[in-house]
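Below is data-v6.csv, which holds CSV, C-alpha atoms and all ligand atoms.
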```
chain,number,residue,atom,x,y,z
A,1048,MET,CA,0.0,0.0,0.0
A,1049,HIS,CA,1.2,3.5,-0.9
A,1050,ALA,CA,-1.0,6.1,0.6
A,1051,GLY,CA,-1.2,9.9,0.2
A,1052,ALA,CA,-3.6,12.5,1.7
A,1053,VAL,CA,-5.7,15.2,0.0
A,1054,ILE,CA,-6.7,18.0,2.4
A,1055,VAL,CA,-9.6,20.1,1.0
A,1056,ALA,CA,-9.5,23.7,2.1
A,1057,ALA,CA,-11.2,25.3,-1.0
A,1058,GLY,CA,-14.2,26.8,0.8
A,1059,SER,CA,-14.6,30.3,1.9
A,1060,GLY,CA,-16.0,29.4,5.3
A,1061,GLN,CA,-18.4,32.3,5.5
A,1062,ARG,CA,-20.4,30.8,8.4
A,1063,THR,CA,-17.6,31.2,10.9
A,1064,GLY,CA,-17.7,35.0,10.3
A,1065,GLY,CA,-14.7,37.3,9.7
A,1066,ASN,CA,-12.8,38.2,6.6
A,1067,VAL,CA,-10.2,35.4,6.8
A,1068,SER,CA,-11.0,32.0,5.3
A,1069,LYS,CA,-12.0,29.6,8.0
A,1070,GLN,CA,-9.1,27.3,7.3
A,1071,LEU,CA,-6.6,30.1,7.9
A,1072,ARG,CA,-8.1,31.3,11.2
A,1073,LEU,CA,-6.1,30.4,14.3
A,1074,VAL,CA,-7.0,27.5,16.5
A,1075,GLY,CA,-4.7,27.0,19.5
A,1076,GLY,CA,-2.3,29.6,18.0
A,1077,ARG,CA,-2.0,27.9,14.6
A,1078,PRO,CA,-3.9,28.2,11.3
A,1079,MET,CA,-6.7,25.6,11.4
A,1080,LEU,CA,-5.4,23.9,8.3
A,1081,GLY,CA,-1.9,23.5,9.9
A,1082,TRP,CA,-3.2,21.0,12.4
A,1083,SER,CA,-4.3,18.3,10.0
A,1084,LEU,CA,-1.4,19.0,7.6
A,1085,GLU,CA,1.1,18.4,10.4
A,1086,ALA,CA,-0.8,15.3,11.5
A,1087,PHE,CA,-0.5,13.7,8.0
A,1088,ARG,CA,3.1,14.8,7.6
A,1089,ARG,CA,4.1,13.2,10.9
A,1090,HIS,CA,2.5,9.8,10.0
A,1091,PRO,CA,5.0,7.4,8.4
A,1092,GLY,CA,2.2,5.8,6.3
A,1093,ILE,CA,1.4,9.0,4.4
A,1094,GLU,CA,3.9,9.5,1.6
A,1095,ARG,CA,2.5,12.6,-0.2
A,1096,ILE,CA,0.2,15.4,0.7
A,1097,VAL,CA,-1.8,17.6,-1.6
A,1098,LEU,CA,-3.7,20.7,-0.5
A,1099,VAL,CA,-6.7,22.0,-2.4
A,1100,VAL,CA,-7.1,25.7,-1.9
A,1101,PRO,CA,-9.5,28.5,-3.1
A,1102,THR,CA,-9.0,29.8,-6.7
A,1103,GLY,CA,-6.5,32.6,-6.9
A,1104,GLU,CA,-5.0,32.0,-3.4
A,1105,ILE,CA,-2.2,29.5,-4.2
A,1106,ASP,CA,0.6,32.0,-3.3
A,1107,THR,CA,-0.9,32.7,0.1
A,1108,TYR,CA,-1.0,29.0,0.9
A,1109,HIS,CA,2.5,28.3,-0.6
A,1110,ALA,CA,4.0,30.9,1.8
A,1111,GLN,CA,2.4,29.3,4.9
A,1112,PHE,CA,2.1,25.6,4.3
A,1113,SER,CA,5.5,24.4,3.0
A,1114,LEU,CA,4.8,20.9,4.5
A,1115,ALA,CA,2.5,20.1,1.6
A,1116,ASP,CA,4.0,18.4,-1.4
A,1117,GLN,CA,1.7,20.1,-3.8
A,1118,ILE,CA,-0.9,22.9,-3.7
A,1119,VAL,CA,-3.7,23.0,-6.3
A,1120,GLU,CA,-6.7,25.2,-6.9
A,1121,GLY,CA,-10.1,23.8,-6.2
A,1122,GLY,CA,-13.1,23.7,-8.6
A,1123,ALA,CA,-16.7,24.9,-8.7
A,1124,THR,CA,-18.0,22.2,-6.4
A,1125,ARG,CA,-16.5,20.2,-3.5
A,1126,ALA,CA,-16.4,17.1,-5.7
A,1127,ASP,CA,-14.5,19.0,-8.4
A,1128,SER,CA,-12.1,20.2,-5.8
A,1129,VAL,CA,-11.5,16.7,-4.5
A,1130,LEU,CA,-10.9,15.5,-8.0
A,1131,GLN,CA,-8.3,18.2,-8.6
A,1132,GLY,CA,-6.5,17.0,-5.5
A,1133,LEU,CA,-6.7,13.3,-6.4
A,1134,ARG,CA,-5.3,13.9,-9.9
A,1135,ALA,CA,-2.5,15.9,-8.5
A,1136,LEU,CA,-1.7,13.1,-6.1
A,1137,GLN,CA,-1.6,10.6,-9.0
A,1138,THR,CA,1.0,12.7,-10.7
A,1139,LEU,CA,3.2,13.0,-7.6
A,1140,GLN,CA,4.4,9.4,-7.9
A,1141,VAL,CA,8.1,9.1,-7.5
A,1142,ASP,CA,9.0,5.5,-8.2
A,1143,HIS,CA,5.7,3.7,-7.4
A,1144,PRO,CA,2.1,4.6,-8.0
A,1145,MET,CA,-0.1,5.8,-5.1
A,1146,THR,CA,-2.7,3.1,-4.4
A,1147,HIS,CA,-4.7,4.7,-1.6
A,1148,VAL,CA,-5.8,8.2,-0.4
A,1149,LEU,CA,-7.2,9.8,2.7
A,1150,ILE,CA,-9.4,12.7,1.9
A,1151,HIS,CA,-9.8,15.2,4.7
A,1152,ASP,CA,-11.7,18.4,5.4
A,1153,ALA,CA,-9.4,21.2,6.7
A,1154,ALA,CA,-12.2,22.3,9.0
A,1155,ARG,CA,-11.6,19.3,11.2
A,1156,PRO,CA,-8.3,20.1,12.9
A,1157,GLY,CA,-8.4,17.5,15.7
A,1158,ILE,CA,-7.3,14.4,13.8
A,1159,ASP,CA,-4.5,12.3,15.4
A,1160,GLN,CA,-2.0,9.6,14.5
A,1161,THR,CA,-4.3,6.8,15.7
A,1162,VAL,CA,-7.2,7.6,13.3
A,1163,ILE,CA,-4.8,7.7,10.4
A,1164,SER,CA,-3.3,4.3,11.3
A,1165,GLN,CA,-6.7,2.8,11.8
A,1166,LEU,CA,-8.0,4.0,8.5
A,1167,LEU,CA,-4.9,2.7,6.7
A,1168,GLU,CA,-5.4,-0.7,8.4
A,1169,SER,CA,-9.1,-0.7,7.5
A,1170,LEU,CA,-8.2,0.0,3.8
A,1171,GLN,CA,-6.3,-3.4,3.7
A,1172,TYR,CA,-9.8,-5.0,3.9
A,1173,HIS,CA,-12.1,-2.4,2.5
A,1174,ASP,CA,-12.5,-0.2,-0.6
A,1175,GLY,CA,-13.3,2.7,1.6
A,1176,ALA,CA,-13.3,3.6,5.3
A,1177,ALA,CA,-14.2,6.5,7.6
A,1178,PRO,CA,-14.4,7.4,11.3
A,1179,ALA,CA,-18.0,7.6,12.6
A,1180,LEU,CA,-19.8,8.2,15.9
A,1181,PRO,CA,-23.1,6.8,17.1
A,1182,VAL,CA,-26.0,9.2,17.3
A,1183,VAL,CA,-26.8,9.9,21.0
A,1184,ASP,CA,-29.7,12.3,20.7
A,1185,ALA,CA,-33.2,11.2,20.0
A,1186,LEU,CA,-34.1,11.8,16.4
A,1187,LYS,CA,-37.5,13.0,15.0
A,1188,ARG,CA,-38.7,13.6,11.5
A,1189,SER,CA,-41.0,16.6,11.3
A,1190,SER,CA,-43.7,17.0,8.6
A,1191,GLY,CA,-46.2,19.8,9.2
A,1192,ASP,CA,-47.1,19.6,12.9
A,1193,GLN,CA,-46.5,15.8,13.1
A,1194,LEU,CA,-43.3,14.4,14.6
A,1195,GLU,CA,-42.2,10.9,13.8
A,1196,ASN,CA,-39.6,9.0,15.8
A,1197,VAL,CA,-36.6,7.8,14.0
A,1198,ASP,CA,-34.7,4.7,15.3
A,1199,ARG,CA,-31.1,5.8,15.9
A,1200,ALA,CA,-29.8,2.3,16.6
A,1201,ASP,CA,-28.1,1.9,13.2
A,1202,LEU,CA,-27.3,5.6,12.6
A,1203,TRP,CA,-23.8,7.0,12.5
A,1204,ARG,CA,-22.4,10.5,12.2
A,1205,VAL,CA,-19.6,10.1,9.6
A,1206,GLN,CA,-16.5,12.2,9.9
A,1207,THR,CA,-13.3,12.7,7.9
A,1208,PRO,CA,-10.6,11.7,6.9
A,1209,GLN,CA,-12.3,9.2,4.6
A,1210,GLY,CA,-9.9,6.7,3.0
A,1211,PHE,CA,-10.2,5.0,-0.4
A,1212,ARG,CA,-8.5,3.0,-3.1
A,1213,LEU,CA,-7.3,5.9,-5.3
A,1214,ASP,CA,-8.6,4.5,-8.6
A,1215,LEU,CA,-12.0,3.8,-7.1
A,1216,ILE,CA,-12.6,7.2,-5.7
A,1217,ILE,CA,-11.5,8.9,-8.9
A,1218,GLU,CA,-13.9,6.8,-10.9
A,1219,ALA,CA,-16.7,7.4,-8.4
A,1220,LEU,CA,-16.4,11.2,-8.4
A,1221,SER,CA,-15.9,11.4,-12.1
A,1222,ILE,CA,-19.2,9.7,-12.6
A,1223,ALA,CA,-21.2,11.0,-9.7
A,1224,GLY,CA,-19.9,14.5,-9.4
A,1225,SER,CA,-21.5,16.4,-6.5
A,1226,ALA,CA,-24.6,14.2,-6.4
A,1227,PHE,CA,-23.7,12.6,-3.1
A,1228,VAL,CA,-23.5,13.9,0.5
A,1229,ASP,CA,-19.8,12.8,0.9
A,1230,ASP,CA,-17.0,10.8,-0.8
A,1231,LEU,CA,-18.0,7.6,1.0
A,1232,ALA,CA,-21.5,7.8,-0.6
A,1233,ALA,CA,-19.9,8.2,-4.1
A,1234,VAL,CA,-18.0,4.9,-3.9
A,1235,GLU,CA,-20.9,3.2,-2.2
A,1236,ASN,CA,-22.8,4.0,-5.5
A,1237,LEU,CA,-20.2,1.7,-7.2
A,1238,GLY,CA,-21.0,-1.1,-4.9
A,1239,ALA,CA,-17.8,-0.7,-2.8
A,1240,ASN,CA,-17.4,-2.5,0.6
A,1241,LEU,CA,-16.9,0.1,3.3
A,1242,GLY,CA,-15.6,0.0,6.9
A,1243,LEU,CA,-16.3,2.3,9.8
A,1244,ILE,CA,-13.8,2.9,12.5
A,1245,GLU,CA,-14.3,4.7,15.8
A,1246,GLY,CA,-14.7,8.5,15.5
A,1247,SER,CA,-14.2,11.2,18.1
A,1248,GLU,CA,-15.6,14.5,19.1
A,1249,ARG,CA,-12.1,15.8,18.4
A,1250,PHE,CA,-12.7,15.1,14.7
A,1251,SER,CA,-15.8,17.2,14.5
A,1252,LYS,CA,-16.1,20.1,12.2
A,1253,VAL,CA,-15.5,23.8,13.1
A,1254,THR,CA,-18.4,25.5,11.4
A,1255,TYR,CA,-19.7,28.4,13.6
A,1256,PRO,CA,-17.8,31.1,15.5
A,1257,GLU,CA,-18.4,29.4,18.9
A,1258,ASP,CA,-16.9,26.1,17.6
A,1259,PHE,CA,-13.3,27.6,17.8
A,1260,ALA,CA,-13.3,27.8,21.6
A,1261,ARG,CA,-14.8,24.3,21.9
A,1262,MET,CA,-12.1,22.9,19.5
A,1263,GLU,CA,-9.3,24.6,21.5
A,1264,THR,CA,-10.6,22.8,24.6
A,1265,LEU,CA,-10.8,19.5,22.8
A,1266,LEU,CA,-7.2,19.9,21.5
A,1267,GLU,CA,-5.9,20.7,25.0
A,1268,THR,CA,-3.0,22.6,23.5
A,1269,LYS,CA,0.0,24.1,25.3
A,1270,THR,CA,2.4,26.3,23.5
A,1271,VAL,CA,6.0,25.1,23.4
A,1272,VAL,CA,8.9,27.5,22.7
A,1273,ARG,CA,12.3,26.2,21.7
A,1274,MET,CA,15.4,28.2,20.8
A,1275,GLY,CA,18.5,27.2,18.8
A,1276,THR,CA,21.8,28.8,17.7
A,1277,GLY,CA,24.0,28.1,14.7
A,1278,PHE,CA,27.5,29.3,13.7
A,1279,ASP,CA,29.5,28.8,10.5
A,1280,VAL,CA,32.6,30.1,8.8
A,1281,HIS,CA,33.8,29.9,5.1
A,1282,GLY,CA,37.1,31.2,3.8
A,1283,PHE,CA,37.6,33.1,0.6
A,1284,GLU,CA,39.0,31.8,-2.7
A,1285,PRO,CA,39.4,33.5,-6.0
A,1286,GLY,CA,36.1,34.5,-7.6
A,1287,GLY,CA,33.7,37.4,-8.2
A,1288,GLU,CA,30.7,37.0,-5.9
A,1289,VAL,CA,29.6,35.6,-2.6
A,1290,THR,CA,26.1,34.0,-1.8
A,1291,LEU,CA,24.6,35.2,1.4
A,1292,CYS,CA,21.0,34.2,2.3
A,1293,GLY,CA,20.5,33.1,-1.3
A,1294,VAL,CA,21.4,36.5,-2.7
A,1295,ALA,CA,24.5,36.9,-5.0
A,1296,ILE,CA,26.6,39.8,-3.8
A,1297,PRO,CA,29.5,41.1,-6.1
A,1298,HIS,CA,32.8,40.8,-4.3
A,1299,SER,CA,36.5,40.4,-5.1
A,1300,ALA,CA,36.4,36.8,-3.9
A,1301,LYS,CA,34.0,33.9,-3.5
A,1302,LEU,CA,33.4,31.6,-0.5
A,1303,GLU,CA,35.1,28.3,-0.6
A,1304,GLY,CA,33.2,25.2,0.4
A,1305,HIS,CA,30.8,22.4,0.0
A,1306,SER,CA,27.8,23.5,-2.2
A,1307,ASP,CA,27.3,27.3,-2.7
A,1308,ALA,CA,29.0,28.0,0.6
A,1309,ASP,CA,26.1,30.2,1.8
A,1310,VAL,CA,27.5,30.7,5.2
A,1311,ALA,CA,24.4,32.6,6.5
A,1312,TRP,CA,21.9,29.9,5.5
A,1313,HIS,CA,24.3,27.2,6.9
A,1314,ALA,CA,24.2,28.9,10.3
A,1315,LEU,CA,20.5,29.3,10.1
A,1316,THR,CA,19.9,25.7,9.1
A,1317,ASP,CA,22.0,24.6,12.0
A,1318,ALA,CA,20.0,26.8,14.4
A,1319,ILE,CA,16.8,25.2,13.2
A,1320,PHE,CA,18.1,21.7,13.6
A,1321,GLY,CA,19.4,22.8,17.0
A,1322,ALA,CA,16.1,24.2,18.2
A,1323,ALA,CA,14.4,21.0,17.2
A,1324,ALA,CA,17.2,18.9,18.8
A,1325,LEU,CA,17.7,17.1,15.5
A,1326,GLY,CA,21.5,17.1,15.2
A,1327,ASP,CA,23.3,19.4,12.8
A,1328,ILE,CA,23.7,20.1,9.1
A,1329,GLY,CA,26.5,17.6,8.8
A,1330,ASP,CA,24.3,14.8,10.1
A,1331,HIS,CA,21.6,15.5,7.5
A,1332,PHE,CA,23.9,16.3,4.6
A,1333,PRO,CA,27.3,14.6,5.1
A,1334,PRO,CA,30.0,16.5,3.1
A,1335,SER,CA,31.4,13.0,2.2
A,1336,ASP,CA,28.2,12.1,0.4
A,1337,PRO,CA,28.6,13.0,-3.4
A,1338,LYS,CA,24.8,13.5,-3.5
A,1339,TRP,CA,25.2,16.9,-1.8
A,1340,ALA,CA,28.3,18.1,-3.7
A,1341,GLY,CA,27.3,21.4,-5.2
A,1342,ALA,CA,23.7,21.3,-3.8
A,1343,GLU,CA,22.2,24.7,-3.2
A,1344,SER,CA,21.9,25.7,0.5
A,1345,GLU,CA,18.2,26.3,-0.1
A,1346,ILE,CA,17.7,22.5,-0.1
A,1347,PHE,CA,19.4,22.3,3.3
A,1348,LEU,CA,17.3,25.1,4.8
A,1349,ARG,CA,14.0,23.7,3.4
A,1350,GLU,CA,14.8,20.3,4.8
A,1351,ALA,CA,15.5,21.8,8.3
A,1352,VAL,CA,12.1,23.5,8.2
A,1353,LYS,CA,10.4,20.3,7.1
A,1354,CYS,CA,12.1,18.2,9.9
A,1355,ALA,CA,11.1,20.8,12.5
A,1356,ALA,CA,7.6,20.9,11.2
A,1357,ALA,CA,7.4,17.1,11.4
A,1358,LYS,CA,8.0,17.6,15.2
A,1359,GLY,CA,5.2,20.2,15.3
A,1360,LEU,CA,7.5,23.2,15.3
A,1361,THR,CA,7.3,26.3,13.2
A,1362,LEU,CA,9.5,29.3,13.1
A,1363,SER,CA,8.5,32.3,15.2
A,1364,ASN,CA,11.5,34.4,14.3
A,1365,CYS,CA,15.2,34.2,13.4
A,1366,ASP,CA,18.0,36.7,13.8
A,1367,LEU,CA,21.2,36.4,11.7
A,1368,THR,CA,24.5,38.2,12.2
A,1369,ILE,CA,27.0,38.3,9.3
A,1370,ILE,CA,30.5,39.0,10.4
A,1371,CYS,CA,33.0,40.4,7.8
A,1372,GLU,CA,34.9,43.5,6.7
A,1373,ALA,CA,33.6,43.2,3.1
A,1374,PRO,CA,31.5,43.0,1.1
A,1375,LYS,CA,29.1,45.5,2.6
A,1376,VAL,CA,25.9,43.6,3.6
A,1377,LYS,CA,23.6,46.5,4.4
A,1378,PRO,CA,22.6,47.4,0.8
A,1379,HIS,CA,21.5,43.7,0.3
A,1380,ARG,CA,19.9,43.2,3.7
A,1381,ASP,CA,16.2,43.5,2.7
A,1382,ALA,CA,16.7,41.2,-0.3
A,1383,MET,CA,18.4,38.7,2.0
A,1384,ARG,CA,15.5,38.9,4.5
A,1385,ALA,CA,12.9,38.5,1.7
A,1386,ARG,CA,14.7,35.4,0.2
A,1387,THR,CA,15.0,33.8,3.6
A,1388,ALA,CA,11.4,34.5,4.5
A,1389,GLU,CA,10.3,33.0,1.2
A,1390,VAL,CA,12.2,29.8,1.8
A,1391,LEU,CA,11.2,29.5,5.4
A,1392,GLY,CA,7.5,30.1,4.5
A,1393,VAL,CA,7.2,33.0,6.9
A,1394,SER,CA,6.7,36.8,6.6
A,1395,ILE,CA,9.7,39.1,6.2
A,1396,ASP,CA,8.8,40.6,9.7
A,1397,GLN,CA,9.9,37.2,11.2
A,1398,VAL,CA,13.5,37.5,9.7
A,1399,SER,CA,16.2,39.8,10.8
A,1400,VAL,CA,19.6,40.1,9.1
A,1401,LYS,CA,22.4,42.2,10.8
A,1402,ALA,CA,26.0,42.7,9.9
A,1403,THR,CA,29.1,43.6,11.8
A,1404,THR,CA,32.9,43.8,11.4
A,1405,THR,CA,35.5,42.7,14.0
A,1406,GLU,CA,37.4,46.0,13.8
A,1407,GLY,CA,40.1,44.5,11.7
A,1408,LEU,CA,40.8,41.8,14.2
A,1409,GLY,CA,41.0,38.0,13.6
A,1410,PHE,CA,40.4,36.1,10.4
A,1411,THR,CA,37.4,38.1,9.4
A,1412,GLY,CA,39.4,41.3,10.1
A,1413,ARG,CA,42.1,40.0,7.9
A,1414,ARG,CA,39.5,39.5,5.2
A,1415,GLU,CA,40.2,35.8,5.0
A,1416,GLY,CA,36.5,34.8,5.1
A,1417,ILE,CA,33.0,35.4,6.5
A,1418,ALA,CA,31.4,34.1,9.7
A,1419,ALA,CA,27.7,34.0,10.4
A,1420,GLN,CA,25.7,33.3,13.5
A,1421,ALA,CA,22.0,32.6,13.7
A,1422,SER,CA,19.4,32.4,16.5
A,1423,VAL,CA,16.0,31.0,16.0
A,1424,VAL,CA,12.9,30.5,18.1
A,1425,LEU,CA,10.5,27.7,17.1
A,1426,ILE,CA,7.0,27.4,18.5
A,1427,GLY,CA,4.8,24.5,18.6
A,1428,THR,CA,2.0,23.0,20.5
A,1429,ARG,CA,1.9,20.0,22.8
A,1430,GLN,CA,-1.1,18.0,23.7
A,1501,MG,MG,29.1,25.7,6.0
```

Now, as a test, write the supplied structure out as structure tokens.
Amino acid sequence: MHAGAVIVAAGSGQRTGGNVSKQLRLVGGRPMLGWSLEAFRRHPGIERIVLVVPTGEIDTYHAQFSLADQIVEGGATRADSVLQGLRALQTLQVDHPMTHVLIHDAARPGIDQTVISQLLESLQYHDGAAPALPVVDALKRSSGDQLENVDRADLWRVQTPQGFRLDLIIEALSIAGSAFVDDLAAVENLGANLGLIEGSERFSKVTYPEDFARMETLLETKTVVRMGTGFDVHGFEPGGEVTLCGVAIPHSAKLEGHSDADVAWHALTDAIFGAAALGDIGDHFPPSDPKWAGAESEIFLREAVKCAAAKGLTLSNCDLTIICEAPKVKPHRDAMRARTAEVLGVSIDQVSVKATTTEGLGFTGRREGIAAQASVVLIGTRQ
């Protein structure tokens, strides 16, 4: 089994009130969509994640949700949006086809590792599976002034994620379109065998403004703050420019070293690994491994962000100090901040770049190279 996840966040969420789309509103200090995205990313059984977002808003989501493997625009109906996501997942195959998918609604932030595991297990025996809760309230059908009792014994409230064989759900939605109440009903129409697993109030949908506070209580979140530091040095060799924070700066020499020798991003990468207690840059990208020879430092930085996110940690802010006599960093500072923010998936306000000299002392004073130090604060939530 090779499974991926499609998170549908294409709705505008008007009923929750406010101008911000529901899936971007904060729950427990994090955008609602971030909760389920992280839950899927953390699960070893989920190989790829596709986000389906409102038309015209891809850039906003790219900047905030770098944990997703692909972000696509939704369609006119929910079924169209799901199909866009499923087709994107099919094309994300690396060396093997995806066989199964969990389709999830971004308005249900409370999912956990257990429900993902149980769904994947259920999919070994069923074409489709979903979490469900028994109905506890008495049910009545009203027609005019008559009330009729409805037996609740066999009734279930079905939640998401809903899991399927990928080929089957694509076929079902291609035929059925939006004619069914949910994805499970669409495959049922094809005669699929379906399994229900135990649901939870935590998986319930955030729909109305008052649901936010209730969900925060259910999530029982506590904020975690972790700091890290990084330091790096590269010496000069003959050349015409140096790369600092992904920005090429003309200079009378270049920096010597593994890859593009972006000393600032190396320090920052180490600081992120440090804050997450995940070792250092050398552990993740051994200089002895030819795979990393000449690799751009952007790859290292993105990987550090991804590893931290897999531990539920996102960047609150970072502060970089570049130490050299030359080149002059100040004219490039805002470009360096902007590039760094882009790669980290944060706003420029969360990135500081400073520069200093050592008053002619030491190796930087002798213009033999550049040193950089970085501090970062990562925040996360603990349950
Ligand atoms: Mg280095």

Item to check | Test item: residues at most 12 Å from Glu1267 of chain A, only C-alpha atoms, excluding those fewer than 3 positions along its chain, as number ranges by chain | outcome: A: 1074-1076, 1157, 1249, 1260-1264, 1270, 1428-1430

How would you write, as a PDB file with C-alpha atoms, keeping the file's coordinate frame, the set of residues no farther than 9 Å from ligand MG 1501 (chain A) when counting only C-alpha atoms and all ligand atoms?
```pdb
ATOM      1  CA  PHE A1278      27.500  29.300  13.700  1.00  0.00           C
ATOM      2  CA  ASP A1279      29.500  28.800  10.500  1.00  0.00           C
ATOM      3  CA  VAL A1280      32.600  30.100   8.800  1.00  0.00           C
ATOM      4  CA  HIS A1281      33.800  29.900   5.100  1.00  0.00           C
ATOM      5  CA  GLY A1304      33.200  25.200   0.400  1.00  0.00           C
ATOM      6  CA  HIS A1305      30.800  22.400   0.000  1.00  0.00           C
ATOM      7  CA  SER A1306      27.800  23.500  -2.200  1.00  0.00           C
ATOM      8  CA  ALA A1308      29.000  28.000   0.600  1.00  0.00           C
ATOM      9  CA  ASP A1309      26.100  30.200   1.800  1.00  0.00           C
ATOM     10  CA  VAL A1310      27.500  30.700   5.200  1.00  0.00           C
ATOM     11  CA  ALA A1311      24.400  32.600   6.500  1.00  0.00           C
ATOM     12  CA  TRP A1312      21.900  29.900   5.500  1.00  0.00           C
ATOM     13  CA  HIS A1313      24.300  27.200   6.900  1.00  0.00           C
ATOM     14  CA  ALA A1314      24.200  28.900  10.300  1.00  0.00           C
ATOM     15  CA  ILE A1328      23.700  20.100   9.100  1.00  0.00           C
ATOM     16  CA  GLY A1329      26.500  17.600   8.800  1.00  0.00           C
TER      17      GLY A1329
END
```

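Minimum atom-to-atom distance to Leu1080 of chain A, evaluated using only C-alpha atoms, belongs to A:Gln1111 out of A:Ser1128, A:Gln1111, A:Thr1387, A:Thr1102.
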
Given all atoms listed in the file, how would the per-residue table for segment 1199-1218 of chain A near segment 1081-1093 of chain A read, listing every residue at most 12 Å away with its closest atom pair and distance in Å to one decimal, sorted by chain and number, as JSON lines?
```
{"residue": "A:Thr1207", "atom": "CA", "partner": "A:Ser1083", "partner_atom": "CA", "distance": 10.8}
{"residue": "A:Pro1208", "atom": "CA", "partner": "A:Ser1083", "partner_atom": "CA", "distance": 9.6}
{"residue": "A:Gly1210", "atom": "CA", "partner": "A:Ile1093", "partner_atom": "CA", "distance": 11.6}
```

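Between Asp1106 of chain A and the residues A:Gly1122, A:Gly1392, A:Gly1293, A:Gly1412, the shortest atom-to-atom distance, using only C-alpha atoms, involves A:Gly1392.
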
Next on the checklist: Between atom CA of Thr1368 of chain A and atom CA of Phe1112 of chain A, what is the distance in Å, rounded to a tenth?
Outcome noted: 26.9 Å

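Note that the spacing between atom CA of Ile1296 of chain A and atom CA of Asp1327 of chain A amounts to 26.5 Å.
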
Item to check | atom CA of His1298 of chain A to atom CA of Thr1276 of chain A, straight-line distance in Å | outcome: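 A separation of 27.4 Å between them.
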
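If only C-alpha atoms are the atoms counted, then among A:Gly1326, A:Gly1407, A:Pro1178, A:Gly1427 the closest residue to Asp1159 of chain A is A:Pro1178.
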
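Residue nearest Asp1366 of chain A within the list A:Ser1299, A:Thr1411, A:Gln1420, A:Ser1190: A:Gln1420 [criterion: smallest interatomic distance, only C-alpha atoms].
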
Checklist entry - For Gln1171 of chain A, which of A:Asp1230, A:Lys1338, A:Leu1130, A:Gly1242 is the closest residue, counting all atoms listed in the file? => result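 Counting all atoms listed in the file, the residue closest to Gln1171 of chain A is A:Gly1242.
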
Next on the checklist: I want to know what sits within 6 Å of Asp1174 of chain A, based on all atoms listed in the file, with residues of the same chain fewer than 2 positions away left out; could you give that as a VMD selection string?
Outcome noted: chain A and resid 1211 to 1212 1239 to 1241

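Candidate residues A:Leu1166, A:Val1099, A:Ala1300, A:Ala1323 were compared for distance to Gly1246 of chain A, and the nearest is A:Leu1166, using only C-alpha atoms.
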
Next on the checklist: Just want the 10 Å neighbourhood of Lys1252 of chain A, counted on all atoms listed in the file, with same-chain residues fewer than 4 positions away dropped. Output as a PyMOL selection string.
Outcome noted: chain A and resi 1152-1157+1206-1207+1248+1258-1259+1262

Item to check | Shell of 9 Å around Gly1132 of chain A, only C-alpha atoms, local chain residues under 3 positions omitted, as a PyMOL selection string | outcome: chain A and resi 1052-1055+1097-1099+1117-1121+1127-1129+1135-1137

Pull C-alpha atoms from the residues just selected and write them as a CSV table (one decimal), keeping the file's coordinate frame.
```
chain,number,residue,atom,x,y,z
A,1052,ALA,CA,-3.6,12.5,1.7
A,1053,VAL,CA,-5.7,15.2,0.0
A,1054,ILE,CA,-6.7,18.0,2.4
A,1055,VAL,CA,-9.6,20.1,1.0
A,1097,VAL,CA,-1.8,17.6,-1.6
A,1098,LEU,CA,-3.7,20.7,-0.5
A,1099,VAL,CA,-6.7,22.0,-2.4
A,1117,GLN,CA,1.7,20.1,-3.8
A,1118,ILE,CA,-0.9,22.9,-3.7
A,1119,VAL,CA,-3.7,23.0,-6.3
A,1120,GLU,CA,-6.7,25.2,-6.9
A,1121,GLY,CA,-10.1,23.8,-6.2
A,1127,ASP,CA,-14.5,19.0,-8.4
A,1128,SER,CA,-12.1,20.2,-5.8
A,1129,VAL,CA,-11.5,16.7,-4.5
A,1135,ALA,CA,-2.5,15.9,-8.5
A,1136,LEU,CA,-1.7,13.1,-6.1
A,1137,GLN,CA,-1.6,10.6,-9.0
```
